[in-house]
Amino acid sequence: FVLICVGIGIGLWFHLKGKDFSQVILQRCKSYNASGNPELRDRDCQQIVEAFTKAFVSKDPCKITWEDYAPLLQLTKQALPCDKIFLWSKTKGLVEELQQKQKNDLFLMRDTLIGHMADNLKWCGKEGSSEINTESCQKNNCEESPVDVFWKVASKWFAENVCGVVGVLLSGSVSQAFNRNSIFGSVEVPNLKRALVTKLQTWVIHNKGGDASDSCSGSSISELEKIVRERGIVFTCKDIQSLDQIDT
Ligand code: N1C
């Protein structure tokens with residue numbers, strides 16, 4: 001009897017957790033759409049949430065594919081503002097700080113509908129169950145989690161559509177400021193369109209007093225420069241100590 005009660009309790013807990021996830025993304029979708037973008041006002045958030053959860057619910061979390069998220073992407077596509085886009089790698093907090101300082105004149109992935117819904121959330125499903133797990137997803141040691149696949153799909157779409165002068169903030173405190181295995185290196189850079197992007201402005205930020213591991217003159221940035229130039233896009237790089245030195 002005790003076992004049955006515990007079983008029901010755990011089941012209910014997961015069920016409520018799952019509801020939480022759907023509720024959170026529904027709420028985020030609605031508030032984003034209400035916040036003034038006329039292109040998005042008529043989007044059906046219920047349908048969007050359904051497409052989001054369908055991508056991973058009841059599936060083996062280690063076998064989520066790019067195609068699983070295609071219907072969600074289809075429903076959330078939107079135009080992006082040229083000359084305001086900022087990309088980042090290992091600098092999420094700093095870029096968000098910069099955005100606040102510049103009075104929201106920067107546009108990040110999390111400022112898109114799809115990015116806004118997922119920002120700072122975790123999720124995964126389970127084969128043969130309709131549970132949504134938002135707590136212990138990191139424990140299933142897959143090569144790619146449902147969250148990893150999601151950000152790759154969303155970032156590919158974002159990179160394909162960014163336009164004008166695009167900024168990127170990289171960290172000078174890691175061994176490779178430009179890491180080809182990161183989403184920035186493996187998904188975003190290879191998908192920038194020469195017809196849309198005129199320049200990639202790179203900023204490498206260094207901790208005050210901290211160890212400088214990499215910089216604009218290091219080999220990882222040279223590699224980035226080569227890739228970007230080969231794509232016909234102008235490349236610049238500046239080492240900085242503080243966000244105030246970024247003049248976009
Ligand atoms: O792997 P990264 O950085 O190079 O990815 C960052 C890059 C940015 O330019 C964004 O446009 O890709 C986009 N992006 C997100 O917007 C995002 N929000 C949250 C990629 N990943 C994002 N996350 C989570 O951070 C996600 O779980 C992913 O795996 C990490 C990547 O962070 P990183 O290694 O610092």
# chains A, B, ... in the order shown; residues from 1 in each chain; ligands from 1
>>> select_by_dssp(residues="region 21-183 of chain A", states="alpha helix (DSSP H)", output="NGL selection string")
:A and (21-34 or 45-54 or 70-76 or 92-101 or 113-118 or 146-161 or 183)
>>> closest_atom_pairs(of="chain A", to="ligand 1", cutoff="8 Å", atoms="only C-alpha atoms and all ligand atoms", output="JSON lines")
{"residue": "A:Phe86", "atom": "CA", "partner": "ligand 1", "partner_atom_place_in_ligand_line": "9 (O)", "distance": 7.0}
{"residue": "A:Leu87", "atom": "CA", "partner": "ligand 1", "partner_atom_place_in_ligand_line": "9 (O)", "distance": 3.5}
{"residue": "A:Trp88", "atom": "CA", "partner": "ligand 1", "partner_atom_place_in_ligand_line": "9 (O)", "distance": 4.0}
{"residue": "A:Ser89", "atom": "CA", "partner": "ligand 1", "partner_atom_place_in_ligand_line": "3 (O)", "distance": 3.7}
{"residue": "A:Lys90", "atom": "CA", "partner": "ligand 1", "partner_atom_place_in_ligand_line": "35 (O)", "distance": 3.1}
{"residue": "A:Thr91", "atom": "CA", "partner": "ligand 1", "partner_atom_place_in_ligand_line": "35 (O)", "distance": 5.8}
{"residue": "A:Lys92", "atom": "CA", "partner": "ligand 1", "partner_atom_place_in_ligand_line": "35 (O)", "distance": 6.2}
{"residue": "A:Leu108", "atom": "CA", "partner": "ligand 1", "partner_atom_place_in_ligand_line": "11 (O)", "distance": 6.3}
{"residue": "A:Met109", "atom": "CA", "partner": "ligand 1", "partner_atom_place_in_ligand_line": "16 (O)", "distance": 4.5}
{"residue": "A:Arg110", "atom": "CA", "partner": "ligand 1", "partner_atom_place_in_ligand_line": "16 (O)", "distance": 5.6}
{"residue": "A:Gly115", "atom": "CA", "partner": "ligand 1", "partner_atom_place_in_ligand_line": "16 (O)", "distance": 6.4}
{"residue": "A:Ala118", "atom": "CA", "partner": "ligand 1", "partner_atom_place_in_ligand_line": "18 (N)", "distance": 7.8}
{"residue": "A:Asp119", "atom": "CA", "partner": "ligand 1", "partner_atom_place_in_ligand_line": "18 (N)", "distance": 5.8}
{"residue": "A:Asn120", "atom": "CA", "partner": "ligand 1", "partner_atom_place_in_ligand_line": "19 (C)", "distance": 6.3}
{"residue": "A:Val147", "atom": "CA", "partner": "ligand 1", "partner_atom_place_in_ligand_line": "27 (O)", "distance": 6.1}
{"residue": "A:Asp148", "atom": "CA", "partner": "ligand 1", "partner_atom_place_in_ligand_line": "29 (O)", "distance": 5.2}
{"residue": "A:Trp151", "atom": "CA", "partner": "ligand 1", "partner_atom_place_in_ligand_line": "21 (N)", "distance": 5.2}
{"residue": "A:Lys152", "atom": "CA", "partner": "ligand 1", "partner_atom_place_in_ligand_line": "20 (C)", "distance": 6.9}
{"residue": "A:Ala154", "atom": "CA", "partner": "ligand 1", "partner_atom_place_in_ligand_line": "13 (C)", "distance": 7.7}
{"residue": "A:Ser155", "atom": "CA", "partner": "ligand 1", "partner_atom_place_in_ligand_line": "13 (C)", "distance": 5.1}
{"residue": "A:Phe158", "atom": "CA", "partner": "ligand 1", "partner_atom_place_in_ligand_line": "11 (O)", "distance": 7.0}
{"residue": "A:Ala159", "atom": "CA", "partner": "ligand 1", "partner_atom_place_in_ligand_line": "11 (O)", "distance": 7.6}
{"residue": "A:Val168", "atom": "CA", "partner": "ligand 1", "partner_atom_place_in_ligand_line": "9 (O)", "distance": 7.2}
{"residue": "A:Asn179", "atom": "CA", "partner": "ligand 1", "partner_atom_place_in_ligand_line": "4 (O)", "distance": 7.6}
{"residue": "A:Asn181", "atom": "CA", "partner": "ligand 1", "partner_atom_place_in_ligand_line": "1 (O)", "distance": 7.5}
{"residue": "A:Ser182", "atom": "CA", "partner": "ligand 1", "partner_atom_place_in_ligand_line": "1 (O)", "distance": 3.9}
{"residue": "A:Ile183", "atom": "CA", "partner": "ligand 1", "partner_atom_place_in_ligand_line": "1 (O)", "distance": 3.6}
{"residue": "A:Phe184", "atom": "CA", "partner": "ligand 1", "partner_atom_place_in_ligand_line": "4 (O)", "distance": 3.8}
{"residue": "A:Gly185", "atom": "CA", "partner": "ligand 1", "partner_atom_place_in_ligand_line": "4 (O)", "distance": 6.3}
{"residue": "A:Val187", "atom": "CA", "partner": "ligand 1", "partner_atom_place_in_ligand_line": "12 (O)", "distance": 7.8}
{"residue": "A:Glu188", "atom": "CA", "partner": "ligand 1", "partner_atom_place_in_ligand_line": "12 (O)", "distance": 6.8}
>>> residues_around(residues="Gln102 (chain A)", least_positions_apart="5", cutoff="10 Å", atoms="only C-alpha atoms", output="JSON, numbers by chain")
{"A": [96, 97, 244, 246, 247, 248]}
>>> atom_distance(atom1="CA of Arg231 (chain A)", atom2="CA of Trp157 (chain A)")
17.6 Å
>>> select_by_dssp(residues="region 48-235 of chain A", states="strand (DSSP E or B)", output="PyMOL selection string")
chain A and resi 85-89+107+124-126+129-133+164-171+197-205+234-235
>>> residues_around(residues="region 28-35 of chain A", least_positions_apart="4", cutoff="6 Å", atoms="only C-alpha atoms", output="JSON, numbers by chain")
{"A": [40, 41, 45, 117]}
>>> closest_atom_pairs(of="region 88-207 of chain A", to="region 64-70 of chain A", cutoff="9 Å", atoms="only C-alpha atoms", output="tab-separated table")
residue	atom	partner	partner_atom	distance
A:Glu144	CA	A:Ile64	CA	8.0
A:Ser145	CA	A:Ile64	CA	7.4
A:Pro146	CA	A:Ile64	CA	5.8
A:Val149	CA	A:Trp66	CA	6.4
A:Phe150	CA	A:Tyr69	CA	6.8
A:Lys152	CA	A:Trp66	CA	8.1
A:Val153	CA	A:Trp66	CA	6.1
A:Ala154	CA	A:Tyr69	CA	8.7
>>> write_last_selection(atoms="N, CA and C atoms", output="PDB file, in the first residue's frame")
ATOM      1  N   GLU A 144      23.625  14.312 -26.732  1.00  0.00           N
ATOM      2  CA  GLU A 144      22.876  15.556 -26.932  1.00  0.00           C
ATOM      3  C   GLU A 144      21.528  15.452 -26.227  1.00  0.00           C
ATOM      4  N   SER A 145      21.277  16.349 -25.286  1.00  0.00           N
ATOM      5  CA  SER A 145      20.006  16.338 -24.565  1.00  0.00           C
ATOM      6  C   SER A 145      18.951  17.063 -25.413  1.00  0.00           C
ATOM      7  N   PRO A 146      17.664  16.932 -25.034  1.00  0.00           N
ATOM      8  CA  PRO A 146      16.627  17.658 -25.772  1.00  0.00           C
ATOM      9  C   PRO A 146      16.871  19.177 -25.756  1.00  0.00           C
ATOM     10  N   VAL A 149      19.726  20.005 -28.345  1.00  0.00           N
ATOM     11  CA  VAL A 149      19.225  19.991 -29.726  1.00  0.00           C
ATOM     12  C   VAL A 149      18.391  21.249 -29.983  1.00  0.00           C
ATOM     13  N   PHE A 150      17.563  21.604 -28.997  1.00  0.00           N
ATOM     14  CA  PHE A 150      16.727  22.795 -29.137  1.00  0.00           C
ATOM     15  C   PHE A 150      17.568  24.031 -29.452  1.00  0.00           C
ATOM     16  N   LYS A 152      20.525  24.296 -30.634  1.00  0.00           N
ATOM     17  CA  LYS A 152      21.181  24.220 -31.952  1.00  0.00           C
ATOM     18  C   LYS A 152      20.202  24.583 -33.060  1.00  0.00           C
ATOM     19  N   VAL A 153      18.992  24.029 -32.971  1.00  0.00           N
ATOM     20  CA  VAL A 153      17.982  24.309 -33.990  1.00  0.00           C
ATOM     21  C   VAL A 153      17.645  25.810 -34.000  1.00  0.00           C
ATOM     22  N   ALA A 154      17.401  26.352 -32.790  1.00  0.00           N
ATOM     23  CA  ALA A 154      17.010  27.760 -32.688  1.00  0.00           C
ATOM     24  C   ALA A 154      18.160  28.668 -33.136  1.00  0.00           C
TER      25      ALA A 154
END
>>> atom_distance(atom1="CA of Asp60 (chain A)", atom2="CA of Cys124 (chain A)")
8.8 Å
>>> closest_residue(among="A:Leu224, A:Ala195, A:Ala55, A:Val95", to="Arg180 (chain A)", atoms="only C-alpha atoms")
A:Leu224
>>> residues_around(residues="Ile233 (chain A)", least_positions_apart="3", cutoff="8 Å", atoms="only C-alpha atoms", output="VMD selection string")
chain A and resid 194 197 to 200 228 to 230
>>> closest_residue(among="A:Leu94, A:Cys142, A:Ser58, A:Ser186", to="Ile205 (chain A)", atoms="only C-alpha atoms")
A:Leu94
>>> residues_around(residues="Lys208 (chain A)", least_positions_apart="6", cutoff="10 Å", atoms="only C-alpha atoms", output="PyMOL selection string")
chain A and resi 240-242
>>> write_last_selection(atoms="C-alpha atoms", output="PDB file, in the first residue's frame")
ATOM      1  CA  ILE A 240      38.463  44.892 -23.866  1.00  0.00           C
ATOM      2  CA  GLN A 241      38.616  44.972 -20.063  1.00  0.00           C
ATOM      3  CA  SER A 242      35.118  46.272 -19.482  1.00  0.00           C
TER       4      SER A 242
END
>>> closest_residue(among="A:Ile227, A:Ser171, A:Phe178, A:Pro190", to="Asp211 (chain A)", atoms="only C-alpha atoms")
A:Ser171
>>> closest_residue(among="A:Leu196, A:Val162, A:Leu72, A:Ala177", to="Ser215 (chain A)", atoms="only C-alpha atoms")
A:Ala177
>>> closest_residue(among="A:Leu98, A:Leu169, A:Leu75, A:Ile48", to="Trp203 (chain A)", atoms="only C-alpha atoms")
A:Leu169
>>> closest_residue(among="A:Glu225, A:Asp44, A:Asp111, A:Asp20", to="Glu135 (chain A)", atoms="only C-alpha atoms")
A:Asp20
>>> residues_around(residues="Val174 (chain A)", least_positions_apart="2", cutoff="6 Å", atoms="only C-alpha atoms", output="list in words")
Gly172, Gln176 and Ser213 of chain A
